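Chemist: The following block contains the structure, expressed as structure tokens.
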Amino acid sequence: MGSNNRVMSENAEFERQCKVNPERLQDSLEVLASFGMVPGKGITRPSFSRSYEQARAWLKSEAESAGLLAYDDAVGNLFIRYGDRDRPCVMSGSHVDTVPGGGPFDGAYGVLGAIEVARRLKETKENATVAFEAAAFVEEEGRYYDLLGSKALAGQMSLEEIEEARDSSGAPLMEAMKSAGFSPERFAEAKRESGDILAYVELHIEQGPVLESKNIPIGIVDEITGGRQIEYVFAGESGHAGTVPMDLRRDAFTGALEFIHGARAHVLETGTPGRVRTTFGTVEVSPGFPSRIPDRCLVIQEIRDFSQQKLDELVSASVAHAQTCARKYRLDVSSREICAASPARMSSRVTAKIREAAQATDSDFITMPSGAGHDAQVIASIAPAGMIFVPSKGGISHRHDEWTDFEFLERGANVLLNSILLILRDSNFDPTIQSEF
Ligand code: GLV
Ligand code: MN
Ligand code: MN
């Protein structure tokens, strides 16, 4: 009888250790969503802005009041740590910057899920030999520089890139960083040494329709797409829209239009079938008056594919096509790459732990690729990484009406907590016995 009771209470204790606090998670998602929120228009919380820095201060105060250490690195990433400062760590996180008019979960869910894990480890006094860190990577959405925080941590950027980075209105990243109290010239201090991060797990909403359409609560990511953005500026000559004959014009928009049409067709024909994407999300025609011939057209092309080689070929072919179209209409064209993220495969060791965690929480799951970019694809270059997805209602994201029902958010956070526990308790992730990933 007595021993039965002990078994039951040990089981109850184990159960308790493996679950997040759902009310606290839900409350924290609601509070974080209020920073930068305009009712009906979504959340606009770009990195280093006032609302972003208010969110950072709130996250820090929450962590500190839970007895956890919170600190910023030199580039503006925020970390919340459970465990000794001098130990390597298992890390989980995402970002709290948003696209303009974004929703409440893209990034925020992964950061708050990770902080909830840190709180549970502290409350249950998890006795790990290594530390756990929750991370809020700065500037994932790329107002100034896509994936700035995770790239700085992985040692994948230079001071020149920081000096050149500007938002679409021309405002420099340097000024934004300084106004938030960071010294851009010290950004290299954010780089982590190899072996500092033993494993990385990112929790995120899917942002697409697959899980919902299959009625599956958990996606385990096996690979993340790579992406490139190229800016082209076509330059011609303005003039009177009625008097200059069509064959004597140097109409910048006409050249750009032919380029867009041809580059789109070429990318779709030659990229990885079914997996390649290209988008022309920014087209600015100047001077932008009906009776003036356009003398300038700026186009930003985004290309995504899961093959690095394909991406390289598609970018070169698109740039060459821009030059061909410019020649045809006697225009000048310049091009520059404004951001690049490599495709990444997730670690089979981390993915195995996520699978085990999904089973432990009785969660149906599928393995799936990510067509969206994530900090995990950068961290994968320095540590074994994995990702957990939960369904997005209607597959909608990067919109104010992005939504995921709380039952999925809670389940995903429990899968994250269990994944982290399994990794922390597995001596194969111990630095002294670490081998290949
Ligand atoms: C990330 O937000 C992306 O655009 O893939
Ligand atoms: Mn996003
Ligand atoms: Mn995101």
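Lettering and numbering for the structure tokens are positional, with chains as A, B, ... in the shown order, residues counted from 1 in each chain, and ligands counted from 1 in the shown order.
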Give the strand (DSSP E) residues of segment 11-176 of chain A, as assigned by DSSP on the backbone, as a PyMOL selection string.

Modeler: chain A and resi 37-38+42-43+69-72+78-82+89-95+131-137

Chemist: Write as number ranges by chain the residues around ligand 2, taking 9 Å as the cut-off and counting only C-alpha atoms and all ligand atoms.

Modeler: A: 95, 97-99, 102, 106-107, 140-141, 207, 372-374, 397-398

Chemist: Which of these residues is nearest to Ile197 of chain A, using only C-alpha atoms: A:Ser92, A:Glu402, A:Gly412, A:Thr324?

Modeler: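 Closest to Ile197 of chain A of all the choices is A:Ser92.
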
Chemist: Skipping near chain neighbours, those fewer than 4 positions away, what residues fall within 8 Å of Ala134 of chain A using only C-alpha atoms, listed as a short mmCIF file (atom, residue, chain, number, x, y, z; two decimals) with all heavy atoms, in the first residue's frame?

Modeler:
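Dumped everything to out21.cif:
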```
data_model
loop_
_atom_site.label_atom_id
_atom_site.label_comp_id
_atom_site.auth_asym_id
_atom_site.auth_seq_id
_atom_site.Cartn_x
_atom_site.Cartn_y
_atom_site.Cartn_z
N PHE A 79 18.82 36.82 -23.54
CA PHE A 79 18.87 35.43 -23.07
C PHE A 79 18.38 35.35 -21.64
O PHE A 79 18.63 36.24 -20.83
CB PHE A 79 20.31 34.89 -23.15
CG PHE A 79 20.85 34.88 -24.54
CD1 PHE A 79 21.72 35.88 -24.96
CD2 PHE A 79 20.46 33.92 -25.44
CE1 PHE A 79 22.20 35.90 -26.26
CE2 PHE A 79 20.93 33.92 -26.75
CZ PHE A 79 21.81 34.92 -27.15
N ILE A 80 17.70 34.26 -21.35
CA ILE A 80 17.21 33.99 -20.00
C ILE A 80 17.73 32.62 -19.62
O ILE A 80 17.48 31.64 -20.34
CB ILE A 80 15.67 34.09 -19.99
CG1 ILE A 80 15.33 35.57 -20.14
CG2 ILE A 80 15.09 33.49 -18.71
CD1 ILE A 80 13.94 35.85 -20.56
N ARG A 81 18.50 32.58 -18.55
CA ARG A 81 19.29 31.37 -18.28
C ARG A 81 18.87 30.68 -17.00
O ARG A 81 18.65 31.32 -15.96
CB ARG A 81 20.77 31.76 -18.21
CG ARG A 81 21.70 30.62 -17.82
CD ARG A 81 23.15 31.00 -18.02
NE ARG A 81 23.61 30.67 -19.35
CZ ARG A 81 24.51 29.71 -19.63
NH1 ARG A 81 25.06 29.00 -18.67
NH2 ARG A 81 24.87 29.47 -20.86
N MET A 91 19.69 25.26 -25.77
CA MET A 91 19.00 26.54 -26.02
C MET A 91 17.68 26.32 -26.76
O MET A 91 17.55 25.40 -27.57
CB MET A 91 19.93 27.44 -26.85
CG MET A 91 19.40 28.83 -27.11
SD MET A 91 20.55 29.82 -28.11
CE MET A 91 21.68 30.37 -26.86
N SER A 92 16.73 27.19 -26.44
CA SER A 92 15.49 27.23 -27.20
C SER A 92 15.10 28.68 -27.35
O SER A 92 15.34 29.48 -26.44
CB SER A 92 14.39 26.46 -26.47
OG SER A 92 13.17 26.57 -27.18
N GLY A 93 14.48 29.04 -28.45
CA GLY A 93 14.07 30.44 -28.58
C GLY A 93 13.49 30.72 -29.94
O GLY A 93 13.20 29.80 -30.72
N VAL A 111 9.55 32.17 -28.12
CA VAL A 111 10.29 32.80 -27.02
C VAL A 111 9.58 32.52 -25.70
O VAL A 111 10.20 32.11 -24.71
CB VAL A 111 10.41 34.33 -27.27
CG1 VAL A 111 11.00 35.03 -26.04
CG2 VAL A 111 11.27 34.59 -28.50
N ALA A 114 9.89 28.95 -24.62
CA ALA A 114 11.22 28.68 -24.06
C ALA A 114 11.35 29.25 -22.65
O ALA A 114 11.95 28.62 -21.76
CB ALA A 114 12.29 29.25 -24.98
N ILE A 115 10.79 30.44 -22.43
CA ILE A 115 10.87 31.03 -21.07
C ILE A 115 10.05 30.17 -20.11
O ILE A 115 10.46 29.94 -18.97
CB ILE A 115 10.39 32.50 -21.09
CG1 ILE A 115 11.39 33.34 -21.90
CG2 ILE A 115 10.25 33.04 -19.66
CD1 ILE A 115 11.00 34.79 -22.09
N ALA A 118 12.17 27.39 -19.05
CA ALA A 118 13.15 27.81 -18.03
C ALA A 118 12.49 27.90 -16.66
O ALA A 118 13.05 27.47 -15.64
CB ALA A 118 13.76 29.16 -18.42
#
```

Chemist: From the set A:Ala180, A:Ile303, A:Leu29, A:Ala57, which residue has the shortest atom-to-atom contact distance to ligand 1, counting only C-alpha atoms and all ligand atoms?

Modeler: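 So, comparing all the options, the nearest one is A:Ile303.
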
Chemist: Taking only C-alpha atoms and all ligand atoms into account, which of A:Glu202, A:Glu62, A:Glu164, A:Asp364 comes nearest ligand 3?

Modeler: A:Glu202

Chemist: Determine, counting only C-alpha atoms, which protein, DNA and RNA residues have an atom within 10 Å of an atom of segment 291-296 of chain A; residues of the same chain fewer than 2 positions away are not included. Present the result as a list in words.

Modeler: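 In the requested form, the answer reads Val233, Phe234, Ala235, Gly236, Glu237, Ser238, Gly239, His240, Ala241, Gly242, Val244, Arg249, Arg250, Asp251, Ala252, Phe253, Thr254, Ala256, Glu284, Val285, Ser286, Pro287, Gly288, Phe289, Leu298, Val299, Leu331, Asp332 and Val333 of chain A.
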
Chemist: Keeping N, CA and C atoms for every residue in the selection just given, could you write it to a file as a PDB file, in the first residue's frame?

Modeler:
```
ATOM      1  N   VAL A 233      17.843  47.959 -59.625  1.00  0.00           N
ATOM      2  CA  VAL A 233      17.372  49.304 -59.962  1.00  0.00           C
ATOM      3  C   VAL A 233      17.571  49.503 -61.464  1.00  0.00           C
ATOM      4  N   PHE A 234      16.458  49.622 -62.178  1.00  0.00           N
ATOM      5  CA  PHE A 234      16.494  49.898 -63.619  1.00  0.00           C
ATOM      6  C   PHE A 234      16.434  51.417 -63.792  1.00  0.00           C
ATOM      7  N   ALA A 235      17.346  51.963 -64.609  1.00  0.00           N
ATOM      8  CA  ALA A 235      17.374  53.428 -64.795  1.00  0.00           C
ATOM      9  C   ALA A 235      17.289  53.764 -66.271  1.00  0.00           C
ATOM     10  N   GLY A 236      16.363  54.670 -66.630  1.00  0.00           N
ATOM     11  CA  GLY A 236      16.200  55.089 -68.014  1.00  0.00           C
ATOM     12  C   GLY A 236      16.098  56.598 -68.085  1.00  0.00           C
ATOM     13  N   GLU A 237      15.123  57.072 -68.861  1.00  0.00           N
ATOM     14  CA  GLU A 237      14.990  58.522 -69.008  1.00  0.00           C
ATOM     15  C   GLU A 237      13.512  58.880 -68.975  1.00  0.00           C
ATOM     16  N   SER A 238      13.198  59.915 -68.232  1.00  0.00           N
ATOM     17  CA  SER A 238      11.809  60.349 -68.183  1.00  0.00           C
ATOM     18  C   SER A 238      11.489  61.232 -69.399  1.00  0.00           C
ATOM     19  N   GLY A 239      10.231  61.504 -69.606  1.00  0.00           N
ATOM     20  CA  GLY A 239       9.853  62.347 -70.739  1.00  0.00           C
ATOM     21  C   GLY A 239       8.339  62.425 -70.829  1.00  0.00           C
ATOM     22  N   HIS A 240       7.859  63.095 -71.868  1.00  0.00           N
ATOM     23  CA  HIS A 240       6.430  63.312 -72.051  1.00  0.00           C
ATOM     24  C   HIS A 240       5.764  62.025 -72.559  1.00  0.00           C
ATOM     25  N   ALA A 241       4.706  61.601 -71.884  1.00  0.00           N
ATOM     26  CA  ALA A 241       4.073  60.320 -72.213  1.00  0.00           C
ATOM     27  C   ALA A 241       3.314  60.367 -73.541  1.00  0.00           C
ATOM     28  N   GLY A 242       3.114  61.582 -74.076  1.00  0.00           N
ATOM     29  CA  GLY A 242       2.378  61.694 -75.338  1.00  0.00           C
ATOM     30  C   GLY A 242       3.280  61.955 -76.527  1.00  0.00           C
ATOM     31  N   VAL A 244       6.881  61.408 -76.837  1.00  0.00           N
ATOM     32  CA  VAL A 244       8.041  60.554 -77.142  1.00  0.00           C
ATOM     33  C   VAL A 244       7.545  59.235 -77.739  1.00  0.00           C
ATOM     34  N   ARG A 249      11.819  55.472 -76.545  1.00  0.00           N
ATOM     35  CA  ARG A 249      11.800  55.642 -75.079  1.00  0.00           C
ATOM     36  C   ARG A 249      12.869  54.813 -74.395  1.00  0.00           C
ATOM     37  N   ARG A 250      13.237  55.253 -73.192  1.00  0.00           N
ATOM     38  CA  ARG A 250      14.057  54.426 -72.291  1.00  0.00           C
ATOM     39  C   ARG A 250      13.228  54.283 -71.002  1.00  0.00           C
ATOM     40  N   ASP A 251      12.172  53.492 -71.112  1.00  0.00           N
ATOM     41  CA  ASP A 251      11.183  53.379 -70.028  1.00  0.00           C
ATOM     42  C   ASP A 251      11.625  52.298 -69.023  1.00  0.00           C
ATOM     43  N   ALA A 252      12.019  52.756 -67.845  1.00  0.00           N
ATOM     44  CA  ALA A 252      12.588  51.840 -66.848  1.00  0.00           C
ATOM     45  C   ALA A 252      11.580  50.769 -66.434  1.00  0.00           C
ATOM     46  N   PHE A 253      10.309  51.134 -66.372  1.00  0.00           N
ATOM     47  CA  PHE A 253       9.313  50.154 -65.918  1.00  0.00           C
ATOM     48  C   PHE A 253       9.094  49.051 -66.954  1.00  0.00           C
ATOM     49  N   THR A 254       9.159  49.416 -68.238  1.00  0.00           N
ATOM     50  CA  THR A 254       8.965  48.406 -69.286  1.00  0.00           C
ATOM     51  C   THR A 254      10.040  47.327 -69.189  1.00  0.00           C
ATOM     52  N   ALA A 256      11.770  46.584 -66.494  1.00  0.00           N
ATOM     53  CA  ALA A 256      11.576  45.842 -65.230  1.00  0.00           C
ATOM     54  C   ALA A 256      10.459  44.816 -65.371  1.00  0.00           C
ATOM     55  N   GLU A 284       8.886  49.684 -57.103  1.00  0.00           N
ATOM     56  CA  GLU A 284       8.658  51.137 -56.961  1.00  0.00           C
ATOM     57  C   GLU A 284       8.970  51.806 -58.293  1.00  0.00           C
ATOM     58  N   VAL A 285       7.974  52.477 -58.832  1.00  0.00           N
ATOM     59  CA  VAL A 285       8.141  53.127 -60.129  1.00  0.00           C
ATOM     60  C   VAL A 285       8.242  54.639 -59.904  1.00  0.00           C
ATOM     61  N   SER A 286       9.267  55.263 -60.486  1.00  0.00           N
ATOM     62  CA  SER A 286       9.444  56.712 -60.315  1.00  0.00           C
ATOM     63  C   SER A 286       9.477  57.387 -61.688  1.00  0.00           C
ATOM     64  N   PRO A 287       9.042  58.612 -61.833  1.00  0.00           N
ATOM     65  CA  PRO A 287       8.527  59.455 -60.744  1.00  0.00           C
ATOM     66  C   PRO A 287       7.102  59.116 -60.321  1.00  0.00           C
ATOM     67  N   GLY A 288       6.426  58.205 -60.998  1.00  0.00           N
ATOM     68  CA  GLY A 288       5.101  57.789 -60.513  1.00  0.00           C
ATOM     69  C   GLY A 288       4.008  58.775 -60.821  1.00  0.00           C
ATOM     70  N   PHE A 289       3.985  59.236 -62.091  1.00  0.00           N
ATOM     71  CA  PHE A 289       2.932  60.161 -62.528  1.00  0.00           C
ATOM     72  C   PHE A 289       2.447  59.679 -63.890  1.00  0.00           C
ATOM     73  N   LEU A 298      12.595  50.289 -59.093  1.00  0.00           N
ATOM     74  CA  LEU A 298      13.283  49.435 -58.118  1.00  0.00           C
ATOM     75  C   LEU A 298      12.435  48.183 -57.898  1.00  0.00           C
ATOM     76  N   VAL A 299      13.088  47.033 -57.980  1.00  0.00           N
ATOM     77  CA  VAL A 299      12.385  45.755 -57.826  1.00  0.00           C
ATOM     78  C   VAL A 299      13.143  44.924 -56.796  1.00  0.00           C
ATOM     79  N   LEU A 331      18.534  50.579 -71.102  1.00  0.00           N
ATOM     80  CA  LEU A 331      18.512  51.028 -69.699  1.00  0.00           C
ATOM     81  C   LEU A 331      19.818  50.641 -69.023  1.00  0.00           C
ATOM     82  N   ASP A 332      20.075  51.253 -67.860  1.00  0.00           N
ATOM     83  CA  ASP A 332      21.131  50.756 -66.969  1.00  0.00           C
ATOM     84  C   ASP A 332      20.431  49.945 -65.890  1.00  0.00           C
ATOM     85  N   VAL A 333      21.142  48.934 -65.407  1.00  0.00           N
ATOM     86  CA  VAL A 333      20.571  48.212 -64.269  1.00  0.00           C
ATOM     87  C   VAL A 333      21.694  47.881 -63.284  1.00  0.00           C
TER      88      VAL A 333
END
```

Chemist: List every residue of segment 235-378 of chain A that DSSP, applied to the backbone of this structure, places in alpha helix (DSSP H), and write the result as a ChimeraX atom specification.

Modeler: /A:252-270,308-328,348-360,375-378

Chemist: Find the residues near Ala154 of chain A: any atom within 8 Å, counting only C-alpha atoms, skip ones fewer than 5 places away on the same chain, and give them as JSON, numbers by chain.

Modeler: {"A": [191, 192, 378, 379, 381, 382]}

Chemist: Can you write just those residues out, N, CA and C atoms, as a PDB file, in the first residue's frame?

Modeler:
```pdb
ATOM      1  N   LYS A 191      29.223  36.620 -30.777  1.00  0.00           N
ATOM      2  CA  LYS A 191      29.527  35.287 -31.323  1.00  0.00           C
ATOM      3  C   LYS A 191      29.753  34.290 -30.183  1.00  0.00           C
ATOM      4  N   ARG A 192      29.123  33.129 -30.304  1.00  0.00           N
ATOM      5  CA  ARG A 192      29.323  32.072 -29.305  1.00  0.00           C
ATOM      6  C   ARG A 192      30.438  31.148 -29.775  1.00  0.00           C
ATOM      7  N   VAL A 378      20.006  29.234 -38.966  1.00  0.00           N
ATOM      8  CA  VAL A 378      21.325  29.830 -38.735  1.00  0.00           C
ATOM      9  C   VAL A 378      22.024  29.089 -37.593  1.00  0.00           C
ATOM     10  N   ILE A 379      21.299  28.855 -36.514  1.00  0.00           N
ATOM     11  CA  ILE A 379      21.898  28.178 -35.358  1.00  0.00           C
ATOM     12  C   ILE A 379      22.355  26.769 -35.774  1.00  0.00           C
ATOM     13  N   SER A 381      24.065  25.956 -38.085  1.00  0.00           N
ATOM     14  CA  SER A 381      25.457  25.945 -38.568  1.00  0.00           C
ATOM     15  C   SER A 381      26.452  25.804 -37.424  1.00  0.00           C
ATOM     16  N   ILE A 382      26.005  26.021 -36.179  1.00  0.00           N
ATOM     17  CA  ILE A 382      26.954  25.905 -35.057  1.00  0.00           C
ATOM     18  C   ILE A 382      26.507  24.903 -33.993  1.00  0.00           C
TER      19      ILE A 382
END
```

Chemist: Could you list, as an NGL selection string, every residue within 8 Å of segment 414-421 of chain A, counting only C-alpha atoms and ignoring same-chain residues fewer than 3 positions away?

Modeler: :A and (18-20 or 90 or 113-114 or 117 or 201 or 203 or 353-354 or 356-358 or 360-361 or 388 or 410-411 or 424-425)

Chemist: Generate the output file for the selected residues, N, CA and C atoms, as a compact mmCIF listing (two decimals), in the first residue's frame.

Modeler:
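In the end it all went to result-v2.txt:
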```
# COMPACT_ATOMS: atom_id res chain seq x y z
N CYS A 18 6.73 17.44 -16.34
CA CYS A 18 6.73 17.40 -17.80
C CYS A 18 5.64 18.26 -18.42
N LYS A 19 5.03 19.14 -17.64
CA LYS A 19 3.95 19.98 -18.19
C LYS A 19 4.24 21.45 -17.92
N VAL A 20 3.92 22.28 -18.91
CA VAL A 20 4.03 23.72 -18.71
C VAL A 20 2.83 24.19 -17.91
N VAL A 90 21.85 24.05 -23.37
CA VAL A 90 20.86 23.65 -24.36
C VAL A 90 20.00 24.91 -24.54
N GLY A 113 7.42 30.15 -25.05
CA GLY A 113 7.48 28.71 -24.78
C GLY A 113 8.82 28.37 -24.11
N ALA A 114 9.89 28.95 -24.62
CA ALA A 114 11.22 28.68 -24.06
C ALA A 114 11.35 29.25 -22.65
N VAL A 117 9.68 27.01 -20.31
CA VAL A 117 10.53 25.85 -20.01
C VAL A 117 11.53 26.22 -18.91
N VAL A 201 16.44 23.93 -29.90
CA VAL A 201 15.10 23.51 -30.33
C VAL A 201 14.22 24.76 -30.43
N LEU A 203 10.43 26.35 -31.13
CA LEU A 203 8.99 26.12 -31.20
C LEU A 203 8.38 27.27 -32.00
N LYS A 353 14.75 13.29 -30.42
CA LYS A 353 14.27 13.67 -29.08
C LYS A 353 12.89 14.32 -29.17
N ILE A 354 12.68 15.13 -30.20
CA ILE A 354 11.37 15.77 -30.36
C ILE A 354 10.31 14.69 -30.63
N GLU A 356 10.39 11.61 -29.64
CA GLU A 356 10.16 10.92 -28.37
C GLU A 356 9.25 11.77 -27.47
N ALA A 357 9.48 13.07 -27.49
CA ALA A 357 8.67 13.98 -26.66
C ALA A 357 7.23 14.02 -27.15
N ALA A 358 7.04 13.97 -28.47
CA ALA A 358 5.68 13.97 -29.02
C ALA A 358 4.97 12.69 -28.58
N ALA A 360 5.67 10.93 -25.89
CA ALA A 360 5.46 11.00 -24.44
C ALA A 360 4.25 11.85 -24.09
N THR A 361 3.91 12.80 -24.96
CA THR A 361 2.76 13.66 -24.69
C THR A 361 1.52 13.22 -25.48
N ILE A 388 9.83 22.51 -33.78
CA ILE A 388 8.49 21.95 -33.54
C ILE A 388 7.48 22.95 -34.08
N GLU A 410 -0.57 25.03 -26.18
CA GLU A 410 -0.19 24.33 -24.94
C GLU A 410 0.50 22.99 -25.26
N ARG A 411 -0.08 22.25 -26.21
CA ARG A 411 0.50 20.95 -26.57
C ARG A 411 1.92 21.12 -27.12
N LEU A 424 18.48 17.35 -21.95
CA LEU A 424 19.26 17.64 -20.74
C LEU A 424 19.64 16.36 -19.99
N ARG A 425 18.75 15.36 -20.08
CA ARG A 425 18.99 14.13 -19.30
C ARG A 425 19.76 13.08 -20.10
```

Chemist: If you count only C-alpha atoms, which residues fall within 12 Å of Met177 of chain A, apart from same-chain ones fewer than 2 positions away, as an NGL selection string?

Modeler: :A and (46-50 or 52-53 or 74-77 or 138-139 or 144-145 or 148-149 or 162-163 or 165-166 or 171-175 or 179-187)

Chemist: Check the smallest atom-to-atom distance from each of A:Gly67, A:Gly142, A:Pro22, A:Gly195 to ligand 1 using only C-alpha atoms and all ligand atoms, then report the winner.

Modeler: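 Closest to ligand 1 of all the choices is A:Gly142.
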
Chemist: Counting only C-alpha atoms, figure out which residue out of A:Lys60, A:His266, A:Arg120, A:His204 gets nearest to Asp375 of chain A.

Modeler: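 Ranked by minimum distance to Asp375 of chain A, first place goes to A:His204.
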
Chemist: What is the atom CA of Ala263 of chain A-atom CA of Ser318 of chain A distance in Å, reported with one decimal?

Modeler: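 Interatomic distance here is 5.5 Å.
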
Chemist: Give the answer as one residue: which of A:Ala131, A:Ala108, A:Leu198, A:Ala341 has the shortest atom-to-atom distance to ligand 3, using only C-alpha atoms and all ligand atoms?

Modeler: A:Ala108

Chemist: Which distance in Å separates atom CA of Pro391 of chain A and atom CA of Thr367 of chain A, to one decimal?

Modeler: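 It comes out at 13.1 Å.
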